[in-house]
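Next comes entry.txt, with compact mmCIF, C-alpha atoms and all ligand atoms.
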```txt
# COMPACT_ATOMS: atom_id res chain seq x y z
CA MET A 126 0.00 0.00 0.00
CA GLU A 127 1.19 3.53 -0.83
CA ILE A 128 1.74 5.72 2.22
CA PHE A 129 1.57 9.49 1.82
CA ASP A 130 0.14 12.60 3.37
CA TYR A 131 -1.12 15.95 2.13
CA ASP A 132 2.32 17.55 1.87
CA LYS A 133 3.70 14.73 -0.27
CA VAL A 134 1.07 14.84 -3.05
CA LEU A 135 0.38 17.22 -5.89
CA LEU A 136 -2.52 16.97 -8.31
CA LEU A 137 -1.89 17.24 -12.04
CA PRO A 138 -3.74 19.82 -14.12
CA ARG A 139 -6.00 18.93 -17.06
CA LYS A 140 -6.96 21.23 -19.93
CA CYS A 141 -9.04 24.12 -18.70
CA ARG A 142 -12.72 24.10 -19.69
CA VAL A 143 -13.78 27.47 -18.27
CA GLU A 144 -13.04 31.09 -19.11
CA SER A 145 -13.41 32.23 -15.52
CA ARG A 146 -13.03 30.44 -12.19
CA SER A 147 -16.45 31.84 -11.32
CA GLU A 148 -17.89 29.14 -13.61
CA CYS A 149 -16.57 26.44 -11.25
CA ASP A 150 -19.08 25.16 -8.71
CA PRO A 151 -17.61 24.04 -5.35
CA THR A 152 -20.99 23.27 -3.74
CA LEU A 153 -22.04 19.83 -2.62
CA GLU A 154 -25.20 17.99 -1.69
CA PHE A 155 -24.96 16.31 1.70
CA GLY A 156 -27.80 14.69 3.58
CA GLY A 157 -30.48 16.31 1.46
CA ARG A 158 -29.14 19.88 1.58
CA ARG A 159 -26.81 21.80 -0.69
CA PHE A 160 -23.87 23.56 0.94
CA LYS A 161 -21.52 26.22 -0.40
CA LEU A 162 -18.35 24.32 0.43
CA PRO A 163 -17.23 20.75 1.18
CA VAL A 164 -15.85 22.02 4.48
CA VAL A 165 -17.21 21.70 8.00
CA PRO A 166 -15.60 23.32 11.04
CA ALA A 167 -14.57 20.73 13.65
CA ASN A 168 -17.15 20.03 16.37
CA MET A 169 -14.79 21.34 19.05
CA LYS A 170 -15.34 23.89 21.80
CA THR A 171 -12.64 26.27 20.53
CA VAL A 172 -13.87 26.09 16.93
CA VAL A 173 -17.67 26.43 17.04
CA ASP A 174 -20.31 27.78 19.38
CA GLU A 175 -24.04 28.39 18.99
CA LYS A 176 -23.58 31.77 17.34
CA ILE A 177 -21.12 30.48 14.75
CA CYS A 178 -23.32 27.43 14.01
CA LEU A 179 -26.35 29.63 13.41
CA TRP A 180 -24.32 31.93 11.14
CA LEU A 181 -22.99 28.94 9.17
CA ALA A 182 -26.46 27.42 8.75
CA ARG A 183 -27.99 30.73 7.68
CA ASN A 184 -25.22 31.39 5.20
CA GLY A 185 -25.27 28.07 3.36
CA TYR A 186 -22.52 26.19 5.18
CA PHE A 187 -22.68 22.82 6.91
CA TYR A 188 -21.88 22.75 10.62
CA VAL A 189 -21.72 20.22 13.46
CA MET A 190 -22.16 21.61 16.97
CA HIS A 191 -19.85 20.14 19.61
CA ARG A 192 -21.24 18.03 22.47
CA PHE A 193 -19.40 19.42 25.50
CA ASP A 194 -21.08 21.29 28.41
CA LEU A 195 -24.10 21.79 26.19
CA ASP A 196 -27.82 21.22 26.44
CA ASN A 197 -28.51 19.58 23.07
CA LEU A 198 -32.28 19.97 23.50
CA GLN A 199 -32.01 23.69 24.00
CA PHE A 200 -29.62 23.95 21.06
CA VAL A 201 -31.94 22.06 18.68
CA ARG A 202 -34.93 24.09 19.90
CA LYS A 203 -33.07 27.38 19.25
CA MET A 204 -31.98 26.35 15.77
CA LYS A 205 -35.50 25.26 14.83
CA GLU A 206 -36.98 28.51 16.21
CA ALA A 207 -34.46 30.38 14.07
CA GLY A 208 -35.59 28.43 11.01
CA ALA A 209 -32.18 26.75 10.65
CA PHE A 210 -31.29 23.07 10.37
CA ALA A 211 -30.00 21.36 13.52
CA SER A 212 -26.76 19.36 13.47
CA ILE A 213 -25.60 18.00 16.82
CA SER A 214 -22.97 15.67 18.24
CA VAL A 215 -23.53 12.87 20.72
CA GLY A 216 -21.34 10.35 22.52
CA VAL A 217 -22.31 6.81 23.43
CA LYS A 218 -22.99 7.00 27.16
CA GLN A 219 -26.31 6.89 29.04
CA PRO A 220 -26.79 10.71 29.03
CA ASP A 221 -26.46 10.59 25.22
CA TYR A 222 -29.23 7.96 25.03
CA ASP A 223 -31.33 10.17 27.30
CA THR A 224 -30.74 13.12 24.96
CA ILE A 225 -31.94 11.13 21.95
CA ASP A 226 -35.01 9.92 23.86
CA ARG A 227 -35.93 13.42 25.01
CA LEU A 228 -35.45 14.90 21.55
CA ALA A 229 -37.67 12.19 20.07
CA ALA A 230 -40.29 12.62 22.79
CA GLU A 231 -40.46 16.36 22.12
CA GLY A 232 -40.56 15.87 18.35
CA LEU A 233 -37.31 17.82 18.03
CA VAL A 234 -35.57 15.83 15.32
CA PRO A 235 -32.13 17.20 14.39
CA GLU A 236 -31.50 16.96 10.67
CA TYR A 237 -27.94 15.68 11.34
CA ILE A 238 -26.54 13.71 14.29
CA THR A 239 -22.81 13.00 14.55
CA ILE A 240 -21.73 10.18 16.84
CA ASP A 241 -18.34 11.46 17.86
CA ILE A 242 -15.97 9.25 19.83
CA ALA A 243 -12.24 8.60 19.68
CA HIS A 244 -12.46 4.93 18.62
CA GLY A 245 -15.58 4.79 16.47
CA HIS A 246 -15.18 1.21 15.29
CA ALA A 247 -17.03 -0.13 18.31
CA ASP A 248 -20.24 -1.86 19.34
CA THR A 249 -21.06 1.22 21.41
CA VAL A 250 -21.36 3.15 18.15
CA LYS A 251 -23.34 0.35 16.52
CA ASN A 252 -25.83 0.42 19.41
CA MET A 253 -26.14 4.21 19.25
CA ILE A 254 -26.75 4.13 15.47
CA PHE A 255 -29.49 1.53 16.02
CA HIS A 256 -31.02 3.63 18.78
CA ILE A 257 -31.06 6.84 16.73
CA LYS A 258 -32.43 5.08 13.65
CA LYS A 259 -35.19 3.54 15.77
CA LYS A 260 -36.17 6.79 17.50
CA MET A 261 -35.54 9.23 14.65
CA PRO A 262 -35.31 7.44 11.31
CA GLN A 263 -35.30 10.79 9.47
CA ALA A 264 -32.04 11.97 11.04
CA PHE A 265 -28.89 11.76 8.90
CA VAL A 266 -26.31 9.93 11.01
CA ILE A 267 -22.57 10.58 10.72
CA ALA A 268 -20.42 8.14 12.70
CA GLY A 269 -16.74 8.05 13.64
CA ASN A 270 -13.91 8.35 13.94
CA VAL A 271 -12.33 5.44 12.14
CA GLY A 272 -9.19 4.77 10.13
CA THR A 273 -9.62 1.49 8.27
CA PRO A 274 -11.78 0.09 5.45
CA GLU A 275 -13.14 -2.62 7.80
CA ALA A 276 -14.44 0.09 10.09
CA VAL A 277 -16.05 2.04 7.24
CA ILE A 278 -17.79 -1.13 6.04
CA ASP A 279 -19.07 -1.91 9.54
CA LEU A 280 -20.34 1.59 10.24
CA GLU A 281 -22.13 1.70 6.89
CA ASN A 282 -23.66 -1.74 7.49
CA TRP A 283 -24.78 -0.65 10.96
CA GLY A 284 -26.74 2.18 9.33
CA ALA A 285 -24.44 5.22 9.35
CA ASP A 286 -25.28 7.59 6.50
CA ALA A 287 -21.71 8.93 6.42
CA THR A 288 -18.45 8.03 8.13
CA LYS A 289 -15.74 10.25 9.55
CA VAL A 290 -12.18 9.11 8.84
CA GLY A 291 -9.16 10.22 10.85
CA ILE A 292 -7.57 8.80 13.96
CA GLY A 293 -4.91 11.12 15.24
CA PRO A 294 -4.01 13.45 12.35
CA GLY A 295 -5.31 16.54 14.15
CA LYS A 296 -3.04 19.46 15.04
CA VAL A 297 -3.81 19.19 18.76
CA CYS A 298 -3.89 15.42 18.72
CA ILE A 299 -1.41 13.36 20.72
CA THR A 300 -3.08 9.97 20.14
CA ARG A 301 -0.18 8.81 17.99
CA MET A 302 2.37 9.49 20.72
CA LYS A 303 0.21 8.30 23.61
CA THR A 304 -1.10 5.07 22.05
CA GLY A 305 1.03 4.20 19.03
CA PHE A 306 -2.07 4.13 16.79
CA GLY A 307 -3.54 6.25 14.08
CA THR A 308 -3.59 7.77 10.62
CA GLY A 309 -1.49 10.80 11.62
CA GLY A 310 1.27 11.28 9.03
CA TRP A 311 -0.51 9.21 6.38
CA GLN A 312 -4.09 10.51 6.62
CA LEU A 313 -4.44 11.13 2.88
CA SER A 314 -3.55 7.56 1.95
CA ALA A 315 -5.72 6.21 4.78
CA LEU A 316 -8.56 8.21 3.26
CA LYS A 317 -7.83 6.69 -0.16
CA TRP A 318 -7.80 3.20 1.40
CA CYS A 319 -11.14 3.79 3.17
CA ALA A 320 -12.78 5.46 0.17
CA ARG A 321 -12.20 2.38 -1.97
CA VAL A 322 -14.77 0.44 0.04
CA ALA A 323 -17.14 3.26 0.98
CA THR A 324 -20.59 3.37 -0.58
CA LYS A 325 -21.66 6.46 1.36
CA PRO A 326 -19.99 9.84 1.92
CA ILE A 327 -16.74 10.08 3.85
CA ILE A 328 -15.71 13.11 5.89
CA ALA A 329 -11.91 13.44 6.00
CA ASP A 330 -11.24 14.65 9.53
CA GLY A 331 -7.98 16.21 10.66
CA GLY A 332 -4.65 17.18 9.16
CA ILE A 333 -5.88 19.85 6.76
CA ARG A 334 -3.19 22.55 6.84
CA GLU A 335 -3.64 24.37 3.52
CA HIS A 336 -6.65 25.22 1.37
CA GLY A 337 -5.24 22.95 -1.35
CA ASP A 338 -5.61 20.01 1.04
CA ILE A 339 -9.38 20.28 0.56
CA ALA A 340 -9.03 19.51 -3.16
CA LYS A 341 -6.57 16.69 -2.36
CA SER A 342 -9.10 15.18 0.07
CA ILE A 343 -11.84 15.30 -2.57
CA ARG A 344 -9.47 13.68 -5.10
CA PHE A 345 -8.81 10.79 -2.73
CA GLY A 346 -12.45 10.10 -1.99
CA ALA A 347 -13.75 12.50 0.65
CA SER A 348 -17.11 14.17 0.14
CA LEU A 349 -16.16 16.86 2.60
CA VAL A 350 -13.46 17.73 5.10
CA MET A 351 -13.63 18.58 8.79
CA VAL A 352 -11.25 21.39 9.73
CA GLY A 353 -10.13 22.39 13.21
CA SER A 354 -6.95 24.45 13.49
CA MET A 355 -7.38 26.36 10.22
CA LEU A 356 -10.82 27.58 11.34
CA ALA A 357 -9.90 28.18 14.99
CA GLY A 358 -8.12 31.43 15.73
CA HIS A 359 -10.61 33.76 14.05
CA GLU A 360 -11.97 36.87 15.68
CA GLU A 361 -15.30 35.10 16.27
CA SER A 362 -13.71 31.84 17.51
CA PRO A 363 -14.84 30.77 20.98
CA GLY A 364 -11.37 30.12 22.44
CA ASP A 365 -9.89 32.64 24.89
CA THR A 366 -7.81 35.42 23.35
CA VAL A 367 -4.22 35.58 24.59
CA GLU A 368 -1.66 38.33 23.92
CA VAL A 369 1.96 37.26 23.55
CA GLU A 370 4.60 39.93 22.82
CA GLY A 371 2.02 42.22 21.28
CA ARG A 372 0.45 39.57 19.03
CA LEU A 373 -3.03 38.20 19.51
CA TYR A 374 -3.67 34.46 19.65
CA LYS A 375 -6.72 32.29 20.29
CA GLU A 376 -6.47 29.11 22.26
CA TYR A 377 -7.22 25.87 20.41
CA TYR A 378 -7.42 22.69 22.46
CA GLY A 379 -8.22 19.04 21.77
CA SER A 380 -11.58 17.60 22.82
CA ALA A 381 -9.65 14.85 24.61
CA SER A 382 -7.32 17.33 26.32
CA ASP A 383 -7.43 18.05 30.03
CA PHE A 384 -8.55 21.59 29.08
CA ASN A 385 -11.73 20.20 27.55
CA LYS A 386 -12.24 17.32 29.99
CA GLY A 387 -11.57 19.31 33.15
CA GLU A 388 -9.37 16.51 34.46
CA TYR A 389 -6.21 14.66 33.40
CA LYS A 390 -7.76 11.29 32.47
CA HIS A 391 -7.38 9.46 29.16
CA VAL A 392 -5.83 12.58 27.72
CA GLU A 393 -5.15 12.39 23.95
CA GLY A 394 -5.17 16.06 23.14
CA LYS A 395 -3.19 19.24 23.86
CA ARG A 396 -3.68 23.01 23.82
CA ILE A 397 -1.97 25.40 21.42
CA LEU A 398 -2.26 29.06 20.50
CA GLU A 399 -3.39 29.97 16.98
CA PRO A 400 -2.50 33.46 15.69
CA VAL A 401 -5.69 35.48 15.21
CA LYS A 402 -6.26 35.54 11.47
CA GLY A 403 -9.18 37.85 10.81
CA LYS A 404 -12.82 37.05 10.28
CA LEU A 405 -14.25 33.58 9.62
CA PRO A 406 -16.42 34.60 6.61
CA GLU A 407 -13.30 35.96 4.90
CA THR A 408 -11.45 32.66 5.31
CA LEU A 409 -14.46 30.73 4.02
CA ARG A 410 -14.69 33.07 1.03
CA GLU A 411 -11.00 32.52 0.27
CA MET A 412 -11.45 28.76 0.60
CA GLU A 413 -14.30 28.97 -1.91
CA GLU A 414 -12.17 30.94 -4.39
CA ASP A 415 -9.24 28.54 -3.98
CA LEU A 416 -11.50 25.54 -4.51
CA GLN A 417 -12.98 27.11 -7.63
CA SER A 418 -9.41 27.47 -8.83
CA SER A 419 -8.72 23.80 -7.98
CA ILE A 420 -11.73 22.75 -10.06
CA SER A 421 -10.45 24.81 -12.98
CA TYR A 422 -6.99 23.19 -12.74
CA ALA A 423 -8.78 19.84 -12.77
CA GLY A 424 -10.23 20.79 -16.14
CA GLY A 425 -13.70 20.69 -14.70
CA THR A 426 -16.68 22.75 -13.69
CA LYS A 427 -17.96 20.74 -10.72
CA LEU A 428 -16.41 19.70 -7.40
CA MET A 429 -16.29 16.00 -8.26
CA ASP A 430 -14.34 16.71 -11.44
CA ILE A 431 -11.35 16.88 -9.08
CA ARG A 432 -11.67 13.08 -8.72
CA LYS A 433 -10.64 12.69 -12.38
CA VAL A 434 -7.09 14.04 -12.11
CA ASN A 435 -3.80 12.22 -11.89
CA TYR A 436 -1.31 12.96 -9.14
CA VAL A 437 2.34 12.69 -8.22
CA ILE A 438 3.92 11.62 -4.96
CA LEU A 439 6.94 13.71 -4.08
CA GLY A 440 10.06 11.99 -2.74
CA GLY A 441 10.17 8.88 -0.55
CA ASP A 442 9.67 5.21 -1.49
CA ASN A 443 6.33 5.70 -3.26
CA ALA A 444 7.49 8.64 -5.39
CA GLY A 445 6.20 8.78 -8.92
CA GLU A 446 3.36 9.65 -11.19
CA HIS A 447 -0.02 8.02 -10.72
CA LEU A 448 -2.19 7.91 -13.77
CA LEU A 449 -5.88 7.20 -13.98
CA MET A 450 -6.18 4.64 -16.75
N1 LIG B 1 -10.11 11.83 15.89
C1 LIG B 1 -9.28 11.47 16.82
O1 LIG B 1 -8.18 11.01 16.56
C2 LIG B 1 -9.63 11.57 18.25
C3 LIG B 1 -10.64 12.39 18.63
N2 LIG B 1 -10.95 12.54 19.95
C4 LIG B 1 -12.07 13.40 20.28
O2 LIG B 1 -12.07 13.68 21.68
C5 LIG B 1 -13.39 13.68 22.18
C6 LIG B 1 -13.48 12.75 23.35
O3 LIG B 1 -13.41 11.44 22.84
P1 LIG B 1 -13.75 10.17 23.70
O4 LIG B 1 -12.67 10.02 24.73
O5 LIG B 1 -14.04 9.02 22.84
O6 LIG B 1 -15.11 10.62 24.35
P2 LIG B 1 -15.74 10.18 25.67
O7 LIG B 1 -14.82 10.49 26.78
O8 LIG B 1 -17.10 10.74 25.67
O9 LIG B 1 -15.80 8.60 25.45
C7 LIG B 1 -16.83 8.03 24.74
C8 LIG B 1 -16.96 6.58 25.18
O10 LIG B 1 -16.05 5.78 24.45
C9 LIG B 1 -15.19 5.11 25.36
N3 LIG B 1 -13.89 5.09 24.75
C10 LIG B 1 -13.12 6.14 24.40
N4 LIG B 1 -11.99 5.73 23.85
C11 LIG B 1 -12.06 4.39 23.83
C12 LIG B 1 -11.20 3.38 23.40
N5 LIG B 1 -10.00 3.69 22.87
N6 LIG B 1 -11.58 2.11 23.54
C13 LIG B 1 -12.76 1.80 24.10
N7 LIG B 1 -13.63 2.70 24.54
C14 LIG B 1 -13.28 3.97 24.42
C15 LIG B 1 -15.25 5.88 26.65
O11 LIG B 1 -15.02 5.08 27.78
P3 LIG B 1 -13.71 5.26 28.69
O12 LIG B 1 -13.40 6.73 28.74
O13 LIG B 1 -14.14 4.71 30.01
O14 LIG B 1 -12.67 4.45 28.02
C16 LIG B 1 -16.67 6.37 26.64
O15 LIG B 1 -17.56 5.40 27.13
C17 LIG B 1 -14.30 13.34 21.01
O16 LIG B 1 -14.81 14.53 20.46
C18 LIG B 1 -13.38 12.67 20.03
O17 LIG B 1 -13.77 12.86 18.69
C19 LIG B 1 -10.27 11.87 20.92
C20 LIG B 1 -9.22 11.07 20.61
C21 LIG B 1 -8.84 10.80 19.23
N1 LIG B 2 -6.47 12.72 18.93
C1 LIG B 2 -7.24 13.79 19.14
N2 LIG B 2 -7.91 14.30 18.10
C2 LIG B 2 -8.69 15.33 18.35
C3 LIG B 2 -8.83 15.89 19.61
N3 LIG B 2 -9.70 16.89 19.54
C4 LIG B 2 -10.10 16.94 18.25
N4 LIG B 2 -9.48 16.00 17.54
C5 LIG B 2 -9.60 15.73 16.12
O1 LIG B 2 -8.87 16.71 15.39
C6 LIG B 2 -9.68 17.20 14.33
C7 LIG B 2 -9.24 18.58 13.86
O2 LIG B 2 -7.97 18.47 13.29
P1 LIG B 2 -7.14 19.71 12.67
O3 LIG B 2 -5.89 19.11 12.17
O4 LIG B 2 -7.98 20.29 11.58
O5 LIG B 2 -6.90 20.70 13.75
C8 LIG B 2 -11.07 17.16 14.94
O6 LIG B 2 -12.10 17.25 14.00
C9 LIG B 2 -11.04 15.82 15.67
O7 LIG B 2 -11.31 14.74 14.86
C10 LIG B 2 -8.08 15.34 20.68
O8 LIG B 2 -8.12 15.81 21.82
N5 LIG B 2 -7.30 14.29 20.39
```

Turn the structure described in the file into structure tokens.
Amino acid sequence: MEIFDYDKVLLLPRKCRVESRSECDPTLEFGGRRFKLPVVPANMKTVVDEKICLWLARNGYFYVMHRFDLDNLQFVRKMKEAGAFASISVGVKQPDYDTIDRLAAEGLVPEYITIDIAHGHADTVKNMIFHIKKKMPQAFVIAGNVGTPEAVIDLENWGADATKVGIGPGKVCITRMKTGFGTGGWQLSALKWCARVATKPIIADGGIREHGDIAKSIRFGASLVMVGSMLAGHEESPGDTVEVEGRLYKEYYGSASDFNKGEYKHVEGKRILEPVKGKLPETLREMEEDLQSSISYAGGTKLMDIRKVNYVILGGDNAGEHLLM
């Protein structure tokens, strides 16, 4: 199997079919809705909050609210009252079952539910998928995280409508060092490996460091990407603002860090400072422009045209040109 990551791959251009990048359409359909970009901010406390989620939903972007120190019922109620779709996260413990039961009892069905645990290839996830599908068959269920084709096959067979791939490639992740496991360092090829067996959408989660990595993820089989660090550190971001030597930073910490958990137990995440980089809508607009450009380099007009391009692997044992034939 070829092993590579985002920084070791470049996509090869095909003859341009448009006169302007504005003709290129980076939107995607996901779970019955069309979104402006194949990008979703990570469901982490220092990346999204209620205000950001509402803004994203109202402005044509997909979002997944985090599940920490949050009343999911109140959140879904607020989103529905605001006329927006609801997209929540749950774990797999008893309080999460209670949340699903109470939402169902009150007829508050979120349009999207993400089952979000560290090791998503587990019977606990299977049982939660079954429970959600029984109580709220209309909800679109995203399950993860996983890092192997076997896991993608299982999650799909258990009823997940989409799977989230990425164990340990995140910027504030220390899973690789703490456990010796993960897709950190070879996330793009793990995605390729998983996408070969997937029959439903895959969300590539973690390790996106440049806007071009979005196009690379699409090329290797993702329907959309989940982005943490690149979308943390905006003026609107929920993390605390810290000033260091006259420069402003926002804190960005892992969901499995002691900062998020409130205790040092099963810690697989750390805290870093992200330089404040302006306003979130501006970054999303730039991502859209860059993706339109990617589509044009792919010789296409639609997002999925990126899947048709060849690529090269730079340096290392797997170096060479990879042609689609
Ligand atoms: N994508 C990634 O690489 C990773 C992401 N995270 C993120 O951190 C957050 C917290 O994750 P998580 O610790 O799962 O959440 P929770 O602490 O809510 O754990 C969820 C459940 O899964 C169990 N669990 C967690 N890890 C394992 C494991 N390796 N084997 C068996 N059972 C396990 C927990 O039990 P118990 O605690 O008793 O073991 C608990 O019952 C999530 O948002 C998650 O996505 C965390 C690590 C890696
Ligand atoms: N191993 C851990 N992974 C984590 C933790 N908190 C979040 N995450 C994952 O990272 C991505 C975001 O990655 P980035 O490279 O874009 O910053 C996020 O969506 C989670 O899957 C954690 O504490 N440990």

Site check for ligand LIG 1 (chain B): residues at most 6 Å away, all atoms listed in the file, as a list of chain:residue names: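 Sorted by chain and then by number, the residues are A:Gly216, A:Val217, A:Lys218, A:Asp241, A:Ile242, A:Ala243, A:His244, A:Asn270, A:Gly291, A:Ile292, A:Gly293, A:Thr300, A:Ser380, A:Ala381, A:Glu393.
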
Could you list, as a count of residues only, all protein and nucleic acid residues with an atom at most 8 Å from ligand LIG 2 (chain B), counting only C-alpha atoms and all ligand atoms? 37

With distances taken over only C-alpha atoms, which of A:Asn385, A:Gln417, A:Thr288, A:Ser342 is nearest to Ile267 (chain A)?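 Smallest distance to Ile267 (chain A) is found for A:Thr288.
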
Determine, for each residue of region 317-415 of chain A having at least one atom at most 10 Å from an atom of region 136-146 of chain A, the closest pair of atoms and their separation in Å to one decimal, counting all atoms listed in the file; order by chain and ascending number, as CSV.
```
residue,atom,partner,partner_atom,distance
A:Gly337,CA,A:Leu136,CA,9.6
A:Ala340,CA,A:Leu136,CA,8.7
A:Lys341,CA,A:Leu136,CA,7.2
A:Arg344,CA,A:Leu136,CA,8.3
A:Glu414,CA,A:Arg146,CA,7.9
A:Asp415,CA,A:Arg146,CA,9.2
```

Quote the spacing between CA of Lys386 (chain A) and CA of Tyr222 (chain A) in Å to one decimal place. 20.0 Å

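Between CA of Pro406 (chain A) and CA of Arg158 (chain A) lies a distance of 20.1 Å.
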
List every protein, DNA or RNA residue that has at least one atom no more than 9 Å from (-8.7, 32.5, 20.5) in the file's coordinates, counting only C-alpha atoms, and write the result as a list of chain:residue names. A:Thr171, A:Val172, A:Ala357, A:Gly358, A:His359, A:Glu360, A:Glu361, A:Ser362, A:Pro363, A:Gly364, A:Asp365, A:Thr366, A:Val367, A:Leu373, A:Tyr374, A:Lys375, A:Glu376, A:Tyr377, A:Leu398, A:Glu399, A:Pro400, A:Val401

Nearest to Phe193 (chain A) among A:Arg159, A:Lys170, A:Lys289, A:Arg432, with distances taken over only C-alpha atoms: which residue is it? A:Lys170

Just the residues within 9 Å of Ser348 (chain A), please, counting all atoms listed in the file, with nothing from its chain fewer than 3 positions along; format it as a list in words.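 The residues that qualify are Leu153, Phe155, Pro163, Pro326, Ile327, Ile328, Ala329, Ser342, Ile343 and Met429 of chain A.
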
To one decimal in Å, tell me the separation between CA of Asp194 (chain A) and CA of Glu281 (chain A). 29.1 Å

Non-local contacts of Val266 (chain A) (7 Å; all atoms listed in the file; under 6 positions in same chain excluded) as a ChimeraX atom specification: /A:237-239,285-287

Minimum-distance residue to Glu148 (chain A), chosen among A:Val250, A:Leu416, A:Cys178, A:Ile240 (using only C-alpha atoms):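 Among the listed residues, A:Leu416 lies closest to Glu148 (chain A).
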
With only C-alpha atoms counted, which protein, DNA or RNA residues have an atom no more than 12 Å from (-24.4, 1.4, 8.0) in the file frame? Please answer as a ChimeraX atom specification. /A:246,250-255,258,265-269,275-288,323-326
